[in-house]
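Colleague: Structure incoming, see below.
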Amino acid sequence: MVGVLGITITTITWYIMRLHASEHLQQRAETLAIQMQAAADSAVNLKLALFQRLAERFQLVDGLPSDHLWQQEVNSYFRDFPEIRLITILDQKMRPVKTESRSPDDRFWIHDFLGLPQNQAWLRHVSETNVTHLSTPEKDSPDTSYAVIAAPSAKLQNRSWLVVATMNLNEVFSELQQRRRGALELLVKSSGQTIFDSTDGARPEDSHSLATQDIYTHHDSEWQIEVFTTDRALHGDEFYLPPLILFTGLGLSFLMMLSHFFWRESAHHSRRLSTLNETLNRHLEKERHLRHTHERILEFSREILCSISHEGVFTAVSPACKTVLGYSPQELIGTRYDQLLLPEHKASAADEIRRLVTGENARTQDLKTRLRHKNGHTVTLAWTAEWSKDDDALFCVGRDVSNELAAEILTHEREQFFSLSPDMFCIVDLNSHFFEVNQSFVETLGYERNELLGTSYLKLIHKDDKHAVVEAVRSLVAGNIVNDLYVRALHRDGTERWLQINAILSADDLIYTVARDITEAQAIQEKLKESEALLRIAEQLAQVGAWIVDISSGKTLWSDAVCDIHEVPRGHLPDIEEAIHYYIPEHQQRIKEAVELCIKTGVPYDEELQIRTAMGRLRWVRTIGHAVKDAKGNITRLQGAFQDITGNRQATEQLRRYAERQATIFESITDSFFTLDKDWRFIYVNKRSEETLRRSREELLGRTIWEWFPEAIGSEFDDQYRYAMETGESVSFEAYYPPLRQWFEVSAYPSEEGLSVYYRSINERKEAQEKLETTLQELERSNRELQDFAFVASHDLQEPLRKIQAFSDRLISKSDRLTTQDQDYLKRMQSAAMRMQALILDLLSYSRVTTKAKPFVNCDTNQILQDVLQDMETTIARENAVLEISGLPPIHGDPTQIRQVLQNLVSNAVKFHPNNQPPRILVYAENETPDGWTLVVQDNGIGFDPKYVDKLFHPFQRLHQRQEYTGTGIGMAIVKKILDRHNASVEVESAPNAGTTFRIRFIANRKEALEKDE
């Protein structure tokens, strides 16, 4: 029992110890979570403060930091903080301006980060709030997470810029988790996403979470730290009975109980000490880290950090004073600050310190003072200072801005040169985007500056020149300099501008480009080439060459044209005697004297002489020469021009003969003729014009037309002459000139010299026209009377005929009372009356062709012909006639009269045929053109002798006996009159017993013809 009781007590004691051990482990986990939270919070806040300070230092530069300052700052941060992977400056469009990274992968990561819209919005939020922010963590790979620190620097070139850095969170927590002891593991999450895992992702499923702690790094990011263990033996809800407890005794149980008592006391004290120790360690760690950081900052900072007492004595100085001023910190501590100042800056510095001590100013920023370096030269420092009442000291940060001031001056001068230079300057990046352009650039191409910045310059390059630009960029990347690259750029209005470009690639991967607009020069060059080509062509066409004679040697130099004129090989170099020998003998002395006089006195000459070429041909030439003097005024050589004027001499002679012939023609023509110059003066008057104008040639020549004939001013002559002069168009008109009592028909032809006028008197024609108009009016009146007479006569004649026919009908009805001879007389009388009535009706139809005509319309010729055939259906059937008809085009005319024409032609074709042969008639169209078409009516009838064609269309003309074929002989006369009204022509082909063919040519309506042409 005692053993069992001992085992029971020992087991329970062991279990309780396990529970307390688990509780102790839980406390350790919570302590570790608190330590990690404090350390992480301290590390993040430290990074935010460091980059805020970096942004403030860049802000003091008042512009982008120089390459030297940029490399200095970036290298310092990379050296001291291995978790920082990349540092960059973003412009207001969130584009990198300066970037430095540990590896290319870091650049790719920040490029992807900037490409996300939510990150762009976050960066704009940072810029707007002007507060340093830490982004939410983002995974780069399953084992790596990054966070972005963004610090605004709003005064870089008066724009909104951001200093941005990427931080590897795995490296941060790897360094912090070194505090982890025993079986405790660490896990850091943000928004459910794992940032750091001390097990490298190998956490087992049966792991147990012991403690969690939240880290509020910033309002943009919240992290959670979890401490867990993978040791199942530490769980208090599982019983592990030690195997050796069964063999322990009551003594061991007693010892265990005793040890448990002392252990409880020690554990209680241990917990309290652990809590105090952890708190103390946390503060000590933070203080140590801050001290270490401050020492590193003081050690490596390029700026002077110092404190000055109330009495103006240095109490502490950073090592940077050795680099900046040449003094060590030990040399400066205990000395007054104003001993280093130049005299002109002492008063302003003392006044500013007084303001800080009295509280008038809370802080001084960018106070620039000039100090004396230990070696004697002057150094300019920009100070940021703040007075501490607690420490009764002035804390100052001084930055050497000597180089920056010089750089600012150079930058200002560069910007002035950049903006005022007439050349086009621009800066572009390797992504083809404009970074900066000067005023000359935007004015030359017509764009606004804001339209170009950030856009691709390839949009401005002519499509045919883009390949050359791309090759030039490749050459720059390869380390070469681009000179004299000629490309075409597109102006905003769409025109092309030729640019001459020089470019170089800088160390910051920006392309500095200077361009010059050579559009006009290019055009001038093209025109010069054209002019040179035209000059060569003109030299060939005009046969003009040049020559030079060296007086000392007597040698001559001939151009190719001179050699060609002399018909000698090109490049031939004759002496003076040989050159003179080419002139014909009667001209050799003349050219020789001219050359000798020019050599002796310098008097130039210009002669037209005749030469005999090497081939024996005679040519007229014009030779011009003048002397060339040296600096002392001595004549050293002769030079001049040589031209073949053989053609000119021949042309001049031809013109002389032509002028003589023209004068003879003008004098012999029957029309009057004179010419006027641009000032209206007579320059030529022929003899006929002297007679017409009743003025002599001597009186008219040199005087204006308006002086001698003032009555013409404001008349038709004045209007027409001035119109011809102003427009250059010829005019023709008729006008009456009262002073000469003459009607003139005038034609005026303008030219470059003035105006040529042909005119003649038309008095006789005008008188004849008046007589003709009177005659026409009388004829018209007579025609109206004849038409009235014909109408009345036809009606009056038909009345007796109707009575004759009526009485003859009554007599015939009683013919049984008459003798045979009387009956024959009655029949003859009735037949004559019927012929008389038909004749009167035909006369009426003939007279009504023009008097009763209808307006012209578009006629369906096929329909009209069908109507005619329908009316003649009985006659056609009786004569067994065969008609072959093809489609006919429409006619613009009088449909009733067209019907008469077709009916006369078809009825004649049916009527006039042999008794033993049925008529066969063809009706078709031929020769269809836009101007018209031809109607053909062809038959196989009896025909007629062609010599009677003209007689056919005369009224009352018959080609056959009345006993053989009926008719009045007026039908074809009606056809001819209708065709004349329709401006149609008719041709007839016929022969006895061979049929007849009528061809009628209808002219198309003008409007219809135009529509067909279109």
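Starting from 1 in every chain, residues are counted up; chains themselves are A, B, ... following the order of the structure tokens, and ligands are numbered from 1 as listed.
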Looking only at strand (DSSP E or B) from DSSP on the backbone, list the matching residues of segment 596-639 of chain A as number ranges by chain.
Modeller: A: 605-612, 618-629, 635-639
Colleague: In Å to one decimal, how far is atom CA of Val910 of chain A from atom CA of Ser990 of chain A?
Modeller: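 About the pair atom CA of Ser990 of chain A and atom CA of Val910 of chain A: they are 15.5 Å apart.
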Colleague: Pick out the closest residue to Pro739 of chain A from this set: A:Arg694, A:Arg53, A:Lys98, A:Arg722. Count only C-alpha atoms.
Modeller: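 Among the listed residues, the smallest separation from Pro739 of chain A belongs to A:Arg694.
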Colleague: With segment 674-689 of chain A as the partner and 10 Å as the cut-off, tabulate the residues of segment 694-796 of chain A that qualify, each row holding the nearest pair of atoms and their distance in Å to one decimal, using only C-alpha atoms, sorted by chain and rising number, as JSON lines.
Modeller:
{"residue": "A:Arg694", "atom": "CA", "partner": "A:Ser689", "partner_atom": "CA", "distance": 8.0}
{"residue": "A:Arg695", "atom": "CA", "partner": "A:Ser689", "partner_atom": "CA", "distance": 8.3}
{"residue": "A:Ser696", "atom": "CA", "partner": "A:Lys687", "partner_atom": "CA", "distance": 8.5}
{"residue": "A:Arg697", "atom": "CA", "partner": "A:Val685", "partner_atom": "CA", "distance": 6.0}
{"residue": "A:Glu698", "atom": "CA", "partner": "A:Val685", "partner_atom": "CA", "distance": 9.3}
{"residue": "A:Glu699", "atom": "CA", "partner": "A:Phe682", "partner_atom": "CA", "distance": 9.7}
{"residue": "A:Leu700", "atom": "CA", "partner": "A:Phe682", "partner_atom": "CA", "distance": 6.1}
{"residue": "A:Leu701", "atom": "CA", "partner": "A:Phe682", "partner_atom": "CA", "distance": 4.8}
{"residue": "A:Gly702", "atom": "CA", "partner": "A:Arg681", "partner_atom": "CA", "distance": 5.4}
{"residue": "A:Arg703", "atom": "CA", "partner": "A:Arg681", "partner_atom": "CA", "distance": 5.1}
{"residue": "A:Thr704", "atom": "CA", "partner": "A:Arg681", "partner_atom": "CA", "distance": 4.0}
{"residue": "A:Ile705", "atom": "CA", "partner": "A:Trp680", "partner_atom": "CA", "distance": 6.1}
{"residue": "A:Trp706", "atom": "CA", "partner": "A:Trp680", "partner_atom": "CA", "distance": 7.8}
{"residue": "A:Glu707", "atom": "CA", "partner": "A:Arg681", "partner_atom": "CA", "distance": 9.4}
{"residue": "A:Tyr721", "atom": "CA", "partner": "A:Trp680", "partner_atom": "CA", "distance": 9.7}
{"residue": "A:Arg722", "atom": "CA", "partner": "A:Trp680", "partner_atom": "CA", "distance": 9.8}
{"residue": "A:Met725", "atom": "CA", "partner": "A:Lys678", "partner_atom": "CA", "distance": 8.1}
{"residue": "A:Ala748", "atom": "CA", "partner": "A:Thr675", "partner_atom": "CA", "distance": 9.3}
{"residue": "A:Tyr749", "atom": "CA", "partner": "A:Thr675", "partner_atom": "CA", "distance": 9.4}
{"residue": "A:Pro750", "atom": "CA", "partner": "A:Leu676", "partner_atom": "CA", "distance": 9.4}
{"residue": "A:Ser751", "atom": "CA", "partner": "A:Asp677", "partner_atom": "CA", "distance": 9.2}
{"residue": "A:Glu752", "atom": "CA", "partner": "A:Lys678", "partner_atom": "CA", "distance": 8.4}
{"residue": "A:Glu753", "atom": "CA", "partner": "A:Asp677", "partner_atom": "CA", "distance": 5.7}
{"residue": "A:Gly754", "atom": "CA", "partner": "A:Asp677", "partner_atom": "CA", "distance": 4.1}
{"residue": "A:Leu755", "atom": "CA", "partner": "A:Leu676", "partner_atom": "CA", "distance": 5.1}
{"residue": "A:Ser756", "atom": "CA", "partner": "A:Thr675", "partner_atom": "CA", "distance": 4.4}
{"residue": "A:Val757", "atom": "CA", "partner": "A:Phe674", "partner_atom": "CA", "distance": 5.5}
{"residue": "A:Tyr758", "atom": "CA", "partner": "A:Phe674", "partner_atom": "CA", "distance": 7.0}
{"residue": "A:Tyr759", "atom": "CA", "partner": "A:Ser689", "partner_atom": "CA", "distance": 8.5}
{"residue": "A:Arg760", "atom": "CA", "partner": "A:Ser689", "partner_atom": "CA", "distance": 8.9}
Colleague: Apply DSSP to the backbone of this structure and, from segment 55-181 of chain A, keep only the residues in alpha helix (DSSP H); write these as a VMD selection string.
Modeller: chain A and resid 55 to 61 67 to 80 104 to 114 117 to 129 169 to 176
Colleague: Contacts of Asn75 of chain A at 12 Å or less, counting only C-alpha atoms, minus same-chain residues fewer than 2 places along, as a list of chain:residue names?
Modeller: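 Skipping anything fewer than 2 positions along the chain leaves A:Asp67, A:His68, A:Leu69, A:Trp70, A:Gln71, A:Gln72, A:Glu73, A:Tyr77, A:Phe78, A:Arg79, A:Asp80, A:Phe81, A:Pro82, A:Ile84, A:Arg85, A:Leu86, A:Ile87, A:Glu100, A:Ser101, A:Arg102, A:Phe300, A:Ser301.
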Colleague: May I have the selected residues written with C-alpha atoms, as a compact mmCIF listing (two decimals), in the first residue's frame?
Modeller:
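Okay, again37.txt is ready:
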# COMPACT_ATOMS: atom_id res chain seq x y z
CA ASP A 67 24.65 61.65 -58.74
CA HIS A 68 27.36 61.91 -56.09
CA LEU A 69 24.91 62.65 -53.27
CA TRP A 70 22.51 59.97 -54.52
CA GLN A 71 25.19 57.26 -54.63
CA GLN A 72 26.51 58.32 -51.23
CA GLU A 73 23.11 58.09 -49.53
CA TYR A 77 21.61 52.62 -46.54
CA PHE A 78 22.45 49.45 -48.45
CA ARG A 79 25.52 48.95 -46.30
CA ASP A 80 23.77 49.46 -42.94
CA PHE A 81 20.44 47.81 -43.66
CA PRO A 82 20.70 44.57 -45.65
CA ILE A 84 16.56 47.25 -47.89
CA ARG A 85 16.51 45.93 -51.47
CA LEU A 86 15.75 48.99 -53.60
CA ILE A 87 15.57 52.79 -53.30
CA GLU A 100 19.30 51.88 -57.31
CA SER A 101 18.78 48.22 -56.41
CA ARG A 102 20.70 45.21 -55.18
CA PHE A 300 28.78 57.53 -41.48
CA SER A 301 26.71 60.67 -41.94
Colleague: Would you please work out which residue, of A:Val857, A:Val936, A:Ile942, A:Leu979, is nearest to Pro992 of chain A when using only C-alpha atoms?
Modeller: A:Ile942
Colleague: Applying 6 Å and only C-alpha atoms, which residues near Phe314 of chain A remain after dropping the ones on its own chain fewer than 2 positions away? List them as an MDAnalysis selection string.
Modeller: chainID A and resid 307:308 316 333:335
Colleague: Could the residues in this selection be written to a file with all heavy atoms, as an mmCIF file, in the first residue's frame?
Modeller:
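Output below, filename selection.cif:
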data_model
loop_
_atom_site.group_PDB
_atom_site.id
_atom_site.type_symbol
_atom_site.label_atom_id
_atom_site.label_comp_id
_atom_site.auth_asym_id
_atom_site.auth_seq_id
_atom_site.Cartn_x
_atom_site.Cartn_y
_atom_site.Cartn_z
ATOM 1 N N SER A 307 26.069 69.909 -31.161
ATOM 2 C CA SER A 307 25.271 70.629 -30.166
ATOM 3 C C SER A 307 26.096 71.805 -29.664
ATOM 4 O O SER A 307 27.322 71.699 -29.493
ATOM 5 C CB SER A 307 24.883 69.696 -29.010
ATOM 6 O OG SER A 307 26.047 69.193 -28.358
ATOM 7 N N ILE A 308 25.408 72.914 -29.449
ATOM 8 C CA ILE A 308 26.072 74.157 -29.031
ATOM 9 C C ILE A 308 25.403 74.619 -27.747
ATOM 10 O O ILE A 308 24.162 74.666 -27.654
ATOM 11 C CB ILE A 308 25.980 75.226 -30.120
ATOM 12 C CG1 ILE A 308 26.623 74.712 -31.421
ATOM 13 C CG2 ILE A 308 26.629 76.521 -29.684
ATOM 14 C CD1 ILE A 308 26.462 75.649 -32.608
ATOM 15 N N ALA A 316 29.355 68.951 -28.533
ATOM 16 C CA ALA A 316 29.483 67.654 -29.209
ATOM 17 C C ALA A 316 29.480 67.898 -30.715
ATOM 18 O O ALA A 316 28.718 68.734 -31.211
ATOM 19 C CB ALA A 316 28.355 66.720 -28.823
ATOM 20 N N ILE A 333 35.345 70.803 -30.063
ATOM 21 C CA ILE A 333 34.631 70.791 -28.776
ATOM 22 C C ILE A 333 35.329 71.757 -27.815
ATOM 23 O O ILE A 333 36.548 71.687 -27.589
ATOM 24 C CB ILE A 333 34.587 69.369 -28.190
ATOM 25 C CG1 ILE A 333 33.735 68.456 -29.095
ATOM 26 C CG2 ILE A 333 34.031 69.368 -26.771
ATOM 27 C CD1 ILE A 333 33.735 67.010 -28.677
ATOM 28 N N GLY A 334 34.555 72.667 -27.259
ATOM 29 C CA GLY A 334 35.074 73.663 -26.337
ATOM 30 C C GLY A 334 35.380 74.998 -26.971
ATOM 31 O O GLY A 334 35.661 75.974 -26.273
ATOM 32 N N THR A 335 35.322 75.080 -28.336
ATOM 33 C CA THR A 335 35.547 76.351 -29.025
ATOM 34 C C THR A 335 34.210 76.957 -29.417
ATOM 35 O O THR A 335 33.205 76.262 -29.524
ATOM 36 C CB THR A 335 36.405 76.134 -30.279
ATOM 37 O OG1 THR A 335 35.691 75.271 -31.179
ATOM 38 C CG2 THR A 335 37.746 75.499 -29.930
#
Colleague: Can you pull out the residues contacting Trp547 of chain A? Cut-off 6 Å, using only C-alpha atoms, and skip same-chain residues under 4 positions away; I want them as number ranges by chain.
Modeller: A: 557-558, 639-640
Colleague: Could you write those residues out with N, CA, C and O atoms, as a PDB file, in the first residue's frame?
Modeller:
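And here's again_27.pdb as it stands now:
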ATOM      1  N   LEU A 557      42.511  77.383-120.024  1.00  0.00           N
ATOM      2  CA  LEU A 557      41.696  76.302-119.459  1.00  0.00           C
ATOM      3  C   LEU A 557      40.290  76.453-120.003  1.00  0.00           C
ATOM      4  O   LEU A 557      39.652  77.491-119.793  1.00  0.00           O
ATOM      5  N   TRP A 558      39.841  75.444-120.749  1.00  0.00           N
ATOM      6  CA  TRP A 558      38.518  75.478-121.354  1.00  0.00           C
ATOM      7  C   TRP A 558      37.594  74.512-120.616  1.00  0.00           C
ATOM      8  O   TRP A 558      37.988  73.391-120.260  1.00  0.00           O
ATOM      9  N   GLN A 639      39.641  85.761-117.559  1.00  0.00           N
ATOM     10  CA  GLN A 639      38.611  84.724-117.527  1.00  0.00           C
ATOM     11  C   GLN A 639      37.337  85.285-118.129  1.00  0.00           C
ATOM     12  O   GLN A 639      37.128  86.507-118.160  1.00  0.00           O
ATOM     13  N   GLY A 640      36.487  84.381-118.605  1.00  0.00           N
ATOM     14  CA  GLY A 640      35.271  84.862-119.236  1.00  0.00           C
ATOM     15  C   GLY A 640      34.380  83.725-119.667  1.00  0.00           C
ATOM     16  O   GLY A 640      34.550  82.575-119.264  1.00  0.00           O
TER      17      GLY A 640
END
Colleague: Quick one: everything within 7 Å of segment 425-441 of chain A, counting only C-alpha atoms, minus sequence neighbours fewer than 6 positions away in the same chain. Send it as a PyMOL selection string.
Modeller: chain A and resi 418-419+449+452-458+509-515
